[in-house]
Amino acid sequence: MIHDQHSANPLAGNPLKTRADVQQAVRDLFAPLLRYFSDGGARVRLSEAAAHFDRAAADLEGFARPLWGLAPLAAGGAAFDRWDLYRRGLAAGTDPGNPEYWGNVGATDQRQVELAAVGFALRLVPHLLWEPLDPAAKRNVAAYLTRAREHEFIDNNWKFFRILIDLGLEACGIDVDPAKRQRYLEQIEGFHLGDGWYRDGPVRRLDHYIPFAFHFYGLAYATLAHGDEERAEAYRERARLFARDIRHWYAADGAALPFGRSLTYRFAAAGFWGALAFAGVEALPWGEIKGYYLRQLRWWATRAIADRDGVLSIGYGYPNLLMSESYNSAGSPYWAMKAFLPLALPESHPFWAAEEKAAPDFAEPVPLRHPGMVAMHTPGNLVVLASGQEHARMRHAAEKYAKFVYSTRYGFCIEGDDRNFAAAAFDGMIGFSDDGVHFRMRESNELALIAGDRLHARWRPWPDVLVETWLVPANPWHVRIHRITTPRPLHAKEGGFAIERADFAADLCEDATGRAVAHGRADVSAIRDLSRDTPLRQGRVASPIANTNLIVAKTLLPQLSGQIQAGTTILITAAMALPHDQDAEQALRQLPVAPDLAELEGDFAGSGEPVTACLVAT
């Protein structure tokens with residue numbers, strides 16, 4: 001018998017349709033962690049794989065992150081029989097004389113991140129976590145949290161962590177300096193760009209930290225804090241506006257858009273919809289909000305996201321350290337427990353009482369001005385054209401932020417070896433090499449504009465090479481136009497969508513001049529060269545390095561390859577992917593028409609607006 005790896009997923013088999021189903025999901029996710037708690041309860045070490053911070057902080061992470069789900073579970077009246085373990089751990093971890101002490105907290109310290117979950121839990125369930133402690137333990141806990149909030153926090157969504165720690169301390173009757181919290185609340189206001197979109201600090205990127213961090217914490221603050229009603233209402237109103245945009249990062253099957261960093265947090269992407277409910281914000285009809293929320297959880301219930309013992313793995317669609325960040329320890333994936341905030345609400349709440357509704361149909365492309373994206377809802381998929389953002393210090397940042405297109409069904413690939421141009425994937429991207437070995441692709445933009453449902457960007461793979469790219473939706477296809485100006489010849493390779501390979505070499509691949517088509521296990525992916533005044537590139541279906549795609553481990557990828565001569569070259573590319581059916585076969589026969597470049601330039605000259613995410617941050 002062949003073992004089904006999906007069965008290790010604690011969510012597998014749970015229908016995830018009712019409040020009781022979601023309550024059970026929290027208990028099932030927590031159960032595999034029990035064996036890894038230390039004797040004193042303060043440390044949870046799930047693996048020897050390391051993050052950049054010390055082991056004590058990583059062990060605290062393993063202890064604290066489940067609280068994002070356990071505290072709402074208990075606040076809503078559901079049973080959980082291990083609060084004694086958490087009380088012992090909290091007492092031991094904050095006692096400097098205990099061998100399980102978490103260590104002193106410094107400025108911009110990972111402990112500050114994890115203590116936000118502790119503060120949140122103390123605010124929600126002080127009767128379970130605080131009140132039963134003896135006086136000495138209470139003094140240690142209060143002193144530890146108070147010292148932590150005295151340090152400075154990183155200038156981004158971390159500023160909310162001091163605020164959450166404060167809420168916990170105040171729930172326990174501990175006075176804190178309100179001026180420090182007020183200063184951070186005012187600084188967070190400076191991150192708001194408009195229409196509910198925030199910048200995560202002085203950076204040029206807008207990613208999932210906007211819904212599952214800024215809005216999640218803001219809505220929690222709006223509900224749990226007292227005496228700040230004006231700010232609370234501002235947070236609620238921004239969430240109402242933001243919901244109209246962010247729903248276009250979710251496919252009809254529940255999948256969220258794989259884009260940006262921290263994707264190993266997985267169903268934390270449901271946290272925004274749950275936070276709307278927690279704060280009583282009916283940004284969309286309750287049935288629609290509930291649908292986005294539950295479909296996201298159900299999508300993850302079908303994925304191989306846990307190791308053999310049921311512990312959530314680092315990775316996305318399967319265990320995968322290649323796509324991780326330097327701050328991902330083995331406990332990091334439990335940030336996903338933020339999805340369970342609405343369990344604090346009674347079953348009679350309109351969110352739980354509503355009948356789940358499907359997402360609306362969106363037949364036309366949807367422009368999203370602030371992140372510089374155009375969303376196309378296609379059968380079984382959501383495709384998002386992207387103007388390109390940046391993260392200067394993130395591993396695989398170009399792949400996570402700067403591709404031309406992202407997809408809920410096909411994810412994206414990270415590059416396995418930046419000194420192997422022949423094996424590079426470049427899915428949703430064009431890559432260049434001047435020696436046939438090393439390669440470069442887009443990492444940031446000099447300019448990014450949006451005009452209606454079309455995007456334009458200007459970028460440089462080398463200081464002396466200029467690339468101008470236009471992206472045009474033609475659902476289910478999209479068209480890319482590249483004007484490349486280079487003083488020397490270059491090798492160029494461009495990829496479409498990566499799809500899952502079939503076993504037993506059952507795939508069908510078509511390689512030809514100007515086109516490549518892959519028929520994989522369940523999907524069709526195609527790329528076509530529509531260039532007019534340039535020799536057509538050679539098409540081929542590649543097999544990217546295993547474990548480089550976020551969704552599936554083995555993929556097929558149509559590519560176009562050719563030479564770029566010194567001077568100016570214009571390349572035009574069409575790409576699409578669809579599940580196997582008649583729609584896919586029809587799409588293969590109906591190529592989009594290549595736009596006229598002069599008309600495109602005129603459109604952007606007349607109505608192009610700067611993409612907010614790509615403006616220089618201050």
# chains A, B, ... in the order shown; residues from 1 in each chain; ligands from 1

$ residues_around --residues "Tyr184 (chain A)" --least-positions-apart "3" --cutoff "9 Å" --atoms "only C-alpha atoms" --output "PyMOL selection string"
chain A and resi 159-160+162-163+179-181+187-189

$ select_by_dssp --residues "region 439-576 of chain A" --states "strand (DSSP E or B)" --output "short mmCIF file (atom, residue, chain, number, x, y, z; two decimals) with N, CA, C and O atoms, in the first residue's frame"
data_model
loop_
_atom_site.label_atom_id
_atom_site.label_comp_id
_atom_site.auth_asym_id
_atom_site.auth_seq_id
_atom_site.Cartn_x
_atom_site.Cartn_y
_atom_site.Cartn_z
N ARG A 440 20.82 37.05 -15.10
CA ARG A 440 20.12 38.09 -14.35
C ARG A 440 18.69 38.21 -14.84
O ARG A 440 18.39 37.92 -16.00
N LEU A 447 10.95 52.54 -13.02
CA LEU A 447 9.65 53.18 -13.23
C LEU A 447 8.61 52.07 -13.33
O LEU A 447 8.85 51.03 -13.94
N ALA A 448 7.45 52.29 -12.73
CA ALA A 448 6.34 51.35 -12.86
C ALA A 448 5.05 52.16 -12.98
O ALA A 448 4.76 53.01 -12.13
N LEU A 449 4.27 51.89 -14.04
CA LEU A 449 3.04 52.62 -14.30
C LEU A 449 1.89 51.65 -14.53
O LEU A 449 2.10 50.52 -14.99
N ILE A 450 0.67 52.09 -14.24
CA ILE A 450 -0.53 51.35 -14.55
C ILE A 450 -1.47 52.29 -15.30
O ILE A 450 -1.64 53.45 -14.94
N ALA A 451 -2.04 51.77 -16.39
CA ALA A 451 -3.02 52.53 -17.18
C ALA A 451 -4.18 51.60 -17.46
O ALA A 451 -4.09 50.70 -18.30
N ARG A 454 -3.51 47.70 -17.90
CA ARG A 454 -2.22 47.44 -18.52
C ARG A 454 -1.10 47.99 -17.64
O ARG A 454 -1.29 48.99 -16.94
N LEU A 455 0.03 47.33 -17.70
CA LEU A 455 1.16 47.68 -16.84
C LEU A 455 2.39 47.98 -17.69
O LEU A 455 2.59 47.39 -18.75
N HIS A 456 3.23 48.87 -17.18
CA HIS A 456 4.49 49.20 -17.84
C HIS A 456 5.57 49.36 -16.78
O HIS A 456 5.33 49.93 -15.71
N ALA A 457 6.75 48.83 -17.07
CA ALA A 457 7.88 48.96 -16.14
C ALA A 457 9.17 49.16 -16.93
O ALA A 457 9.32 48.64 -18.04
N ARG A 458 10.07 49.89 -16.31
CA ARG A 458 11.41 50.09 -16.87
C ARG A 458 12.42 49.58 -15.86
O ARG A 458 12.40 49.98 -14.70
N TRP A 459 13.31 48.68 -16.29
CA TRP A 459 14.23 48.03 -15.36
C TRP A 459 15.55 47.70 -16.05
O TRP A 459 15.64 47.72 -17.28
N ARG A 460 16.58 47.40 -15.25
CA ARG A 460 17.91 47.14 -15.78
C ARG A 460 18.50 45.88 -15.15
O ARG A 460 18.79 45.86 -13.96
N PRO A 461 18.71 44.83 -15.95
CA PRO A 461 19.41 43.66 -15.41
C PRO A 461 20.90 43.94 -15.16
O PRO A 461 21.50 43.31 -14.30
N TRP A 462 21.49 44.82 -15.94
CA TRP A 462 22.82 45.38 -15.71
C TRP A 462 22.70 46.90 -15.85
O TRP A 462 21.76 47.39 -16.49
N VAL A 465 22.21 47.92 -19.49
CA VAL A 465 21.18 47.25 -20.28
C VAL A 465 19.81 47.71 -19.78
O VAL A 465 19.49 47.56 -18.59
N LEU A 466 19.02 48.27 -20.69
CA LEU A 466 17.69 48.77 -20.34
C LEU A 466 16.63 47.85 -20.93
O LEU A 466 16.67 47.50 -22.11
N VAL A 467 15.66 47.47 -20.08
CA VAL A 467 14.51 46.70 -20.54
C VAL A 467 13.24 47.46 -20.17
O VAL A 467 13.07 47.89 -19.03
N GLU A 468 12.38 47.63 -21.15
CA GLU A 468 11.06 48.21 -20.93
C GLU A 468 10.04 47.12 -21.21
O GLU A 468 10.06 46.52 -22.29
N THR A 469 9.15 46.88 -20.26
CA THR A 469 8.18 45.79 -20.37
C THR A 469 6.76 46.32 -20.24
O THR A 469 6.47 47.11 -19.33
N TRP A 470 5.90 45.88 -21.15
CA TRP A 470 4.47 46.16 -21.08
C TRP A 470 3.73 44.83 -20.90
O TRP A 470 4.06 43.83 -21.55
N LEU A 471 2.73 44.79 -20.03
CA LEU A 471 1.93 43.60 -19.79
C LEU A 471 0.47 43.91 -20.10
O LEU A 471 -0.08 44.90 -19.61
N VAL A 472 -0.14 43.03 -20.90
CA VAL A 472 -1.50 43.26 -21.38
C VAL A 472 -2.33 41.99 -21.16
O VAL A 472 -1.94 40.91 -21.63
N PRO A 473 -3.46 42.06 -20.45
CA PRO A 473 -4.30 40.87 -20.26
C PRO A 473 -5.04 40.51 -21.54
O PRO A 473 -5.47 41.39 -22.30
N ALA A 474 -5.18 39.22 -21.79
CA ALA A 474 -5.96 38.71 -22.92
C ALA A 474 -6.51 37.36 -22.48
O ALA A 474 -6.23 36.34 -23.09
N TRP A 477 -4.99 34.16 -21.92
CA TRP A 477 -3.61 34.51 -22.24
C TRP A 477 -3.26 35.84 -21.58
O TRP A 477 -4.13 36.59 -21.12
N HIS A 478 -1.98 36.14 -21.58
CA HIS A 478 -1.53 37.51 -21.37
C HIS A 478 -0.36 37.75 -22.31
O HIS A 478 0.32 36.80 -22.75
N VAL A 479 -0.14 39.00 -22.65
CA VAL A 479 0.89 39.37 -23.61
C VAL A 479 1.94 40.23 -22.93
O VAL A 479 1.61 41.14 -22.15
N ARG A 480 3.20 39.91 -23.21
CA ARG A 480 4.33 40.69 -22.70
C ARG A 480 5.08 41.29 -23.88
O ARG A 480 5.39 40.58 -24.84
N ILE A 481 5.39 42.55 -23.81
CA ILE A 481 6.23 43.21 -24.81
C ILE A 481 7.48 43.72 -24.10
O ILE A 481 7.39 44.42 -23.08
N HIS A 482 8.63 43.36 -24.61
CA HIS A 482 9.90 43.79 -24.04
C HIS A 482 10.69 44.57 -25.10
O HIS A 482 10.90 44.07 -26.21
N ARG A 483 11.09 45.77 -24.76
CA ARG A 483 12.04 46.52 -25.61
C ARG A 483 13.37 46.53 -24.88
O ARG A 483 13.49 47.11 -23.79
N ILE A 484 14.36 45.89 -25.48
CA ILE A 484 15.64 45.65 -24.83
C ILE A 484 16.72 46.46 -25.56
O ILE A 484 16.89 46.31 -26.78
N THR A 485 17.41 47.29 -24.82
CA THR A 485 18.50 48.09 -25.39
C THR A 485 19.78 47.69 -24.69
O THR A 485 19.91 47.87 -23.47
N THR A 486 20.73 47.14 -25.45
CA THR A 486 21.95 46.60 -24.86
C THR A 486 23.16 46.94 -25.73
O THR A 486 23.06 46.92 -26.97
N LEU A 490 23.33 39.34 -25.94
CA LEU A 490 22.91 38.63 -24.75
C LEU A 490 22.17 37.35 -25.15
O LEU A 490 21.56 37.28 -26.21
N HIS A 491 22.24 36.37 -24.28
CA HIS A 491 21.36 35.22 -24.37
C HIS A 491 20.08 35.57 -23.60
O HIS A 491 20.15 36.16 -22.52
N ALA A 492 18.92 35.18 -24.14
CA ALA A 492 17.65 35.46 -23.48
C ALA A 492 16.81 34.19 -23.39
O ALA A 492 16.79 33.38 -24.32
N LYS A 493 16.12 34.03 -22.28
CA LYS A 493 15.22 32.91 -22.09
C LYS A 493 14.00 33.41 -21.32
O LYS A 493 14.14 34.13 -20.33
N GLU A 494 12.81 33.01 -21.80
CA GLU A 494 11.57 33.48 -21.18
C GLU A 494 10.65 32.30 -20.95
O GLU A 494 10.52 31.42 -21.81
N GLY A 495 9.98 32.28 -19.77
CA GLY A 495 9.15 31.14 -19.41
C GLY A 495 7.69 31.49 -19.26
O GLY A 495 7.32 32.63 -18.94
N ILE A 499 3.72 23.67 -14.81
CA ILE A 499 2.60 22.78 -14.48
C ILE A 499 3.14 21.45 -13.99
O ILE A 499 4.29 21.10 -14.23
N GLU A 500 2.30 20.69 -13.31
CA GLU A 500 2.75 19.43 -12.71
C GLU A 500 3.01 18.37 -13.77
O GLU A 500 2.22 18.16 -14.69
N LEU A 508 2.92 15.12 -22.73
CA LEU A 508 3.10 15.41 -24.15
C LEU A 508 3.71 16.80 -24.27
O LEU A 508 3.16 17.77 -23.74
N CYS A 509 4.84 16.89 -24.96
CA CYS A 509 5.54 18.16 -25.08
C CYS A 509 5.75 18.50 -26.55
O CYS A 509 6.15 17.64 -27.34
N GLU A 510 5.48 19.74 -26.91
CA GLU A 510 5.65 20.21 -28.28
C GLU A 510 6.69 21.33 -28.29
O GLU A 510 6.49 22.39 -27.70
N ASP A 511 7.81 21.07 -28.95
CA ASP A 511 8.87 22.06 -29.12
C ASP A 511 8.93 22.47 -30.59
O ASP A 511 8.96 21.61 -31.48
N ALA A 512 8.94 23.78 -30.84
CA ALA A 512 8.99 24.24 -32.22
C ALA A 512 9.52 25.67 -32.25
O ALA A 512 9.63 26.33 -31.21
N THR A 513 9.86 26.13 -33.44
CA THR A 513 10.27 27.52 -33.58
C THR A 513 9.10 28.43 -33.25
O THR A 513 8.00 28.29 -33.81
N ARG A 515 7.28 28.53 -30.52
CA ARG A 515 6.25 28.10 -29.58
C ARG A 515 6.70 26.85 -28.82
O ARG A 515 7.56 26.10 -29.28
N ALA A 516 6.07 26.65 -27.65
CA ALA A 516 6.25 25.43 -26.88
C ALA A 516 4.96 25.20 -26.11
O ALA A 516 4.36 26.14 -25.57
N VAL A 517 4.52 23.93 -26.08
CA VAL A 517 3.28 23.57 -25.39
C VAL A 517 3.55 22.33 -24.56
O VAL A 517 4.13 21.36 -25.05
N ALA A 518 3.13 22.36 -23.31
CA ALA A 518 3.28 21.22 -22.41
C ALA A 518 1.90 20.74 -21.98
O ALA A 518 1.07 21.53 -21.52
N HIS A 519 1.66 19.43 -22.14
CA HIS A 519 0.45 18.79 -21.65
C HIS A 519 0.88 17.93 -20.47
O HIS A 519 1.46 16.86 -20.65
N ASP A 523 -2.89 19.68 -16.64
CA ASP A 523 -2.95 21.03 -17.18
C ASP A 523 -2.23 21.13 -18.52
O ASP A 523 -1.40 20.29 -18.88
N VAL A 524 -2.54 22.24 -19.21
CA VAL A 524 -1.85 22.60 -20.45
C VAL A 524 -1.21 23.96 -20.23
O VAL A 524 -1.84 24.88 -19.70
N SER A 525 0.05 24.09 -20.64
CA SER A 525 0.75 25.37 -20.54
C SER A 525 1.41 25.66 -21.88
O SER A 525 2.00 24.76 -22.50
N ALA A 526 1.29 26.90 -22.33
CA ALA A 526 1.80 27.26 -23.65
C ALA A 526 2.48 28.62 -23.62
O ALA A 526 2.09 29.51 -22.85
N ILE A 527 3.46 28.76 -24.50
CA ILE A 527 4.10 30.06 -24.70
C ILE A 527 4.31 30.24 -26.20
O ILE A 527 4.64 29.28 -26.92
N ARG A 528 4.04 31.44 -26.71
CA ARG A 528 4.16 31.72 -28.13
C ARG A 528 4.95 33.00 -28.34
O ARG A 528 4.82 33.97 -27.58
N ASP A 529 5.75 33.00 -29.38
CA ASP A 529 6.50 34.19 -29.77
C ASP A 529 5.68 34.94 -30.81
O ASP A 529 5.43 34.42 -31.90
N GLN A 538 13.41 30.01 -30.25
CA GLN A 538 13.16 28.57 -30.24
C GLN A 538 12.36 28.18 -29.00
O GLN A 538 12.70 28.56 -27.88
N GLY A 539 11.29 27.44 -29.22
CA GLY A 539 10.49 26.97 -28.11
C GLY A 539 10.93 25.59 -27.64
O GLY A 539 11.35 24.75 -28.44
N ARG A 540 10.84 25.37 -26.34
CA ARG A 540 11.11 24.05 -25.78
C ARG A 540 10.37 23.93 -24.46
O ARG A 540 10.11 24.93 -23.78
N VAL A 541 10.04 22.69 -24.10
CA VAL A 541 9.45 22.43 -22.80
C VAL A 541 10.54 21.91 -21.89
O VAL A 541 11.14 20.86 -22.14
N ALA A 542 10.83 22.67 -20.85
CA ALA A 542 11.89 22.32 -19.89
C ALA A 542 11.30 21.58 -18.70
O ALA A 542 10.09 21.66 -18.43
N ASN A 549 9.44 24.65 -7.60
CA ASN A 549 8.11 25.24 -7.69
C ASN A 549 7.43 25.18 -6.33
O ASN A 549 7.59 24.20 -5.59
N THR A 555 7.84 19.70 -12.29
CA THR A 555 7.05 20.51 -13.21
C THR A 555 7.58 20.44 -14.63
O THR A 555 8.71 20.02 -14.89
N LEU A 556 6.73 20.87 -15.55
CA LEU A 556 7.07 21.14 -16.94
C LEU A 556 6.88 22.63 -17.19
O LEU A 556 5.97 23.24 -16.64
N LEU A 557 7.72 23.19 -18.05
CA LEU A 557 7.68 24.64 -18.25
C LEU A 557 8.02 25.00 -19.70
O LEU A 557 9.15 24.80 -20.14
N PRO A 558 7.07 25.53 -20.47
CA PRO A 558 7.37 26.01 -21.82
C PRO A 558 8.25 27.27 -21.78
O PRO A 558 7.99 28.19 -20.98
N GLN A 559 9.26 27.30 -22.63
CA GLN A 559 10.18 28.43 -22.68
C GLN A 559 10.45 28.83 -24.13
O GLN A 559 10.31 28.03 -25.06
N LEU A 560 10.88 30.08 -24.29
CA LEU A 560 11.40 30.60 -25.55
C LEU A 560 12.83 31.07 -25.33
O LEU A 560 13.09 31.80 -24.36
N SER A 561 13.75 30.66 -26.20
CA SER A 561 15.16 31.04 -26.05
C SER A 561 15.68 31.62 -27.36
O SER A 561 15.29 31.19 -28.45
N GLY A 562 16.56 32.61 -27.24
CA GLY A 562 17.15 33.21 -28.43
C GLY A 562 18.27 34.15 -28.09
O GLY A 562 18.60 34.36 -26.91
N GLN A 563 18.85 34.75 -29.11
CA GLN A 563 19.95 35.69 -28.95
C GLN A 563 19.43 37.11 -29.14
O GLN A 563 18.59 37.38 -30.01
N ILE A 564 19.93 38.01 -28.32
CA ILE A 564 19.62 39.43 -28.42
C ILE A 564 20.88 40.13 -28.94
O ILE A 564 21.94 40.05 -28.32
N GLY A 567 22.17 46.68 -29.57
CA GLY A 567 21.22 47.64 -30.10
C GLY A 567 19.88 47.49 -29.42
O GLY A 567 19.81 47.14 -28.24
N THR A 568 18.80 47.73 -30.16
CA THR A 568 17.45 47.65 -29.59
C THR A 568 16.67 46.52 -30.25
O THR A 568 16.62 46.43 -31.48
N THR A 569 16.07 45.68 -29.43
CA THR A 569 15.29 44.53 -29.89
C THR A 569 13.93 44.56 -29.20
O THR A 569 13.84 44.86 -28.01
N ILE A 570 12.89 44.23 -29.96
CA ILE A 570 11.54 44.16 -29.39
C ILE A 570 11.07 42.71 -29.47
O ILE A 570 11.04 42.11 -30.54
N LEU A 571 10.73 42.16 -28.31
CA LEU A 571 10.19 40.81 -28.21
C LEU A 571 8.74 40.88 -27.74
O LEU A 571 8.42 41.68 -26.86
N ILE A 572 7.89 40.04 -28.34
CA ILE A 572 6.49 39.97 -27.94
C ILE A 572 6.16 38.51 -27.62
O ILE A 572 6.43 37.62 -28.43
N THR A 573 5.59 38.29 -26.45
CA THR A 573 5.35 36.93 -25.94
C THR A 573 3.91 36.81 -25.47
O THR A 573 3.38 37.74 -24.84
N ALA A 574 3.29 35.66 -25.75
CA ALA A 574 1.99 35.33 -25.17
C ALA A 574 2.13 34.05 -24.37
O ALA A 574 2.82 33.12 -24.80
N ALA A 575 1.50 33.99 -23.21
CA ALA A 575 1.58 32.80 -22.36
C ALA A 575 0.23 32.55 -21.71
O ALA A 575 -0.54 33.48 -21.44
N MET A 576 -0.05 31.27 -21.45
CA MET A 576 -1.28 30.91 -20.75
C MET A 576 -1.12 29.49 -20.21
O MET A 576 -0.29 28.71 -20.66
#

$ closest_residue --among "A:Asn104, A:Thr548, A:Gln565, A:Ser531" --to "Phe412 (chain A)" --atoms "only C-alpha atoms"
A:Thr548

$ atom_distance --atom1 "CA of Pro379 (chain A)" --atom2 "CA of Ala587 (chain A)"
11.9 Å

$ residues_around --residues "region 206-221 of chain A" --least-positions-apart "6" --cutoff "8 Å" --atoms "only C-alpha atoms" --output "number ranges by chain"
A: 157, 160, 164, 197-200, 232, 235-236, 239, 246, 259-261, 268-272, 275-276, 278-279, 338, 371, 389, 613

$ write_last_selection --atoms "C-alpha atoms" --output "CSV table (one decimal), in the first residue's frame"
chain,number,residue,atom,x,y,z
A,157,ASN,CA,4.5,45.8,11.1
A,160,PHE,CA,2.0,46.5,16.4
A,164,LEU,CA,-0.3,43.7,21.6
A,197,TRP,CA,-3.1,49.5,1.6
A,198,TYR,CA,-0.1,50.0,3.9
A,199,ARG,CA,3.6,50.0,3.2
A,200,ASP,CA,5.4,47.5,5.5
A,232,ALA,CA,-10.5,52.0,15.8
A,235,TYR,CA,-9.0,50.7,11.0
A,236,ARG,CA,-12.5,49.3,10.3
A,239,ALA,CA,-10.5,47.2,6.1
A,246,ILE,CA,-7.6,41.9,-1.7
A,259,PHE,CA,3.5,36.2,-3.8
A,260,GLY,CA,6.1,37.7,-1.7
A,261,ARG,CA,7.8,36.5,1.5
A,268,ALA,CA,-2.5,32.8,7.8
A,269,ALA,CA,-3.9,34.2,4.5
A,270,ALA,CA,-7.3,33.4,5.9
A,271,GLY,CA,-6.6,35.7,8.9
A,272,PHE,CA,-7.8,38.9,7.2
A,275,ALA,CA,-10.3,39.4,11.5
A,276,LEU,CA,-13.2,41.2,9.7
A,278,PHE,CA,-13.8,39.4,14.9
A,279,ALA,CA,-14.1,43.2,14.5
A,338,LYS,CA,-3.8,33.4,13.1
A,371,PRO,CA,0.3,46.9,-5.7
A,389,GLN,CA,8.2,45.0,-6.6
A,613,ALA,CA,4.2,50.1,-4.3

$ atom_distance --atom1 "CA of Ala12 (chain A)" --atom2 "CA of Arg266 (chain A)"
15.0 Å

$ residues_around --residues "Met323 (chain A)" --least-positions-apart "2" --cutoff "9 Å" --atoms "only C-alpha atoms" --output "PyMOL selection string"
chain A and resi 263-264+314-316+320-321+325+395-396+413-414+547-550

$ residues_around --residues "Arg240 (chain A)" --least-positions-apart "3" --cutoff "8 Å" --atoms "only C-alpha atoms" --output "MDAnalysis selection string"
chainID A and resid 196 236:237 243:244 281:284

$ atom_distance --atom1 "CA of Phe504 (chain A)" --atom2 "CA of Ala424 (chain A)"
23.9 Å

$ select_by_dssp --residues "region 350-470 of chain A" --states "helix (DSSP H, G or I)" --output "list in words"
Pro350, Phe351, Trp352, Ala353, Ala397, Ala398, Glu399, Lys400, Tyr401, Phe421, Ala422 and Ala423 of chain A

$ residues_around --residues "Trp335 (chain A)" --least-positions-apart "2" --cutoff "8 Å" --atoms "only C-alpha atoms" --output "list in words"
Arg65, Pro66, Trp68, Tyr265, Ala268, Ser332, Pro333, Met337 and Lys338 of chain A

$ write_last_selection --atoms "all heavy atoms" --output "CSV table (one decimal), in the first residue's frame"
chain,number,residue,atom,x,y,z
A,65,ARG,N,3.5,30.6,19.1
A,65,ARG,CA,2.7,30.8,17.9
A,65,ARG,C,1.3,30.0,17.9
A,65,ARG,O,0.3,30.5,17.4
A,65,ARG,CB,3.5,30.5,16.6
A,65,ARG,CG,4.6,31.5,16.4
A,65,ARG,CD,5.1,31.6,15.0
A,65,ARG,NE,6.0,32.7,14.9
A,65,ARG,CZ,6.5,33.2,13.8
A,65,ARG,NH1,6.2,32.6,12.6
A,65,ARG,NH2,7.2,34.3,13.8
A,66,PRO,N,1.3,28.8,18.5
A,66,PRO,CA,0.0,28.2,18.6
A,66,PRO,C,-1.1,29.0,19.4
A,66,PRO,O,-2.3,28.8,19.2
A,66,PRO,CB,0.3,26.8,19.3
A,66,PRO,CG,1.7,26.5,18.9
A,66,PRO,CD,2.4,27.9,18.9
A,68,TRP,N,-2.0,31.9,18.9
A,68,TRP,CA,-2.9,32.7,18.0
A,68,TRP,C,-4.2,31.9,17.7
A,68,TRP,O,-5.2,32.6,17.5
A,68,TRP,CB,-2.1,33.0,16.7
A,68,TRP,CG,-1.0,33.9,16.8
A,68,TRP,CD1,0.3,33.7,16.6
A,68,TRP,CD2,-1.1,35.4,17.0
A,68,TRP,NE1,1.1,34.8,16.8
A,68,TRP,CE2,0.2,35.9,17.0
A,68,TRP,CE3,-2.2,36.2,17.3
A,68,TRP,CZ2,0.5,37.2,17.2
A,68,TRP,CZ3,-1.9,37.6,17.5
A,68,TRP,CH2,-0.6,38.1,17.5
A,265,TYR,N,3.8,30.6,6.0
A,265,TYR,CA,2.7,30.9,7.0
A,265,TYR,C,1.3,30.4,6.4
A,265,TYR,O,0.4,30.4,7.2
A,265,TYR,CB,2.6,32.3,7.3
A,265,TYR,CG,3.8,32.9,8.0
A,265,TYR,CD1,4.0,34.3,8.0
A,265,TYR,CD2,4.8,32.1,8.5
A,265,TYR,CE1,5.2,34.8,8.6
A,265,TYR,CE2,6.0,32.7,9.1
A,265,TYR,CZ,6.1,34.0,9.1
A,265,TYR,OH,7.3,34.6,9.7
A,268,ALA,N,-2.4,31.5,7.2
A,268,ALA,CA,-2.5,32.8,7.8
A,268,ALA,C,-3.2,33.8,6.8
A,268,ALA,O,-3.8,34.8,7.2
A,268,ALA,CB,-1.1,33.4,8.1
A,332,SER,N,8.1,28.4,12.7
A,332,SER,CA,7.5,29.6,11.9
A,332,SER,C,6.1,29.3,11.3
A,332,SER,O,5.3,30.1,11.3
A,332,SER,CB,8.5,30.0,10.8
A,332,SER,OG,9.6,30.6,11.3
A,333,PRO,N,5.9,28.1,10.7
A,333,PRO,CA,4.6,27.8,10.0
A,333,PRO,C,3.4,28.0,10.9
A,333,PRO,O,2.3,28.2,10.4
A,333,PRO,CB,4.7,26.4,9.5
A,333,PRO,CG,6.2,26.2,9.4
A,333,PRO,CD,6.8,26.9,10.5
A,337,MET,N,-1.8,29.9,12.6
A,337,MET,CA,-2.8,29.8,13.6
A,337,MET,C,-3.6,31.1,13.7
A,337,MET,O,-4.7,31.2,14.3
A,337,MET,CB,-2.3,29.4,14.9
A,337,MET,CG,-1.6,28.0,14.9
A,337,MET,SD,-2.7,26.6,14.7
A,337,MET,CE,-3.1,26.3,16.4
A,338,LYS,N,-3.1,32.2,13.1
A,338,LYS,CA,-3.8,33.4,13.1
A,338,LYS,C,-5.1,33.3,12.4
A,338,LYS,O,-6.0,34.2,12.5
A,338,LYS,CB,-2.9,34.5,12.5
A,338,LYS,CG,-1.7,34.9,13.4
A,338,LYS,CD,-0.7,35.7,12.6
A,338,LYS,CE,-1.2,37.2,12.4
A,338,LYS,NZ,-0.1,38.0,11.8

$ closest_residue --among "A:His151, A:Arg442, A:Arg204, A:His377" --to "Ala402 (chain A)" --atoms "only C-alpha atoms"
A:Arg442

$ closest_residue --among "A:His192, A:Arg303, A:Arg409, A:Arg82" --to "Ala31 (chain A)" --atoms "only C-alpha atoms"
A:Arg82

$ residues_around --residues "Gln112 (chain A)" --least-positions-apart "5" --cutoff "8 Å" --atoms "only C-alpha atoms" --output "list of chain:residue names"
A:Val105, A:Ala148, A:Arg149, A:Phe153, A:Phe161, A:Arg162
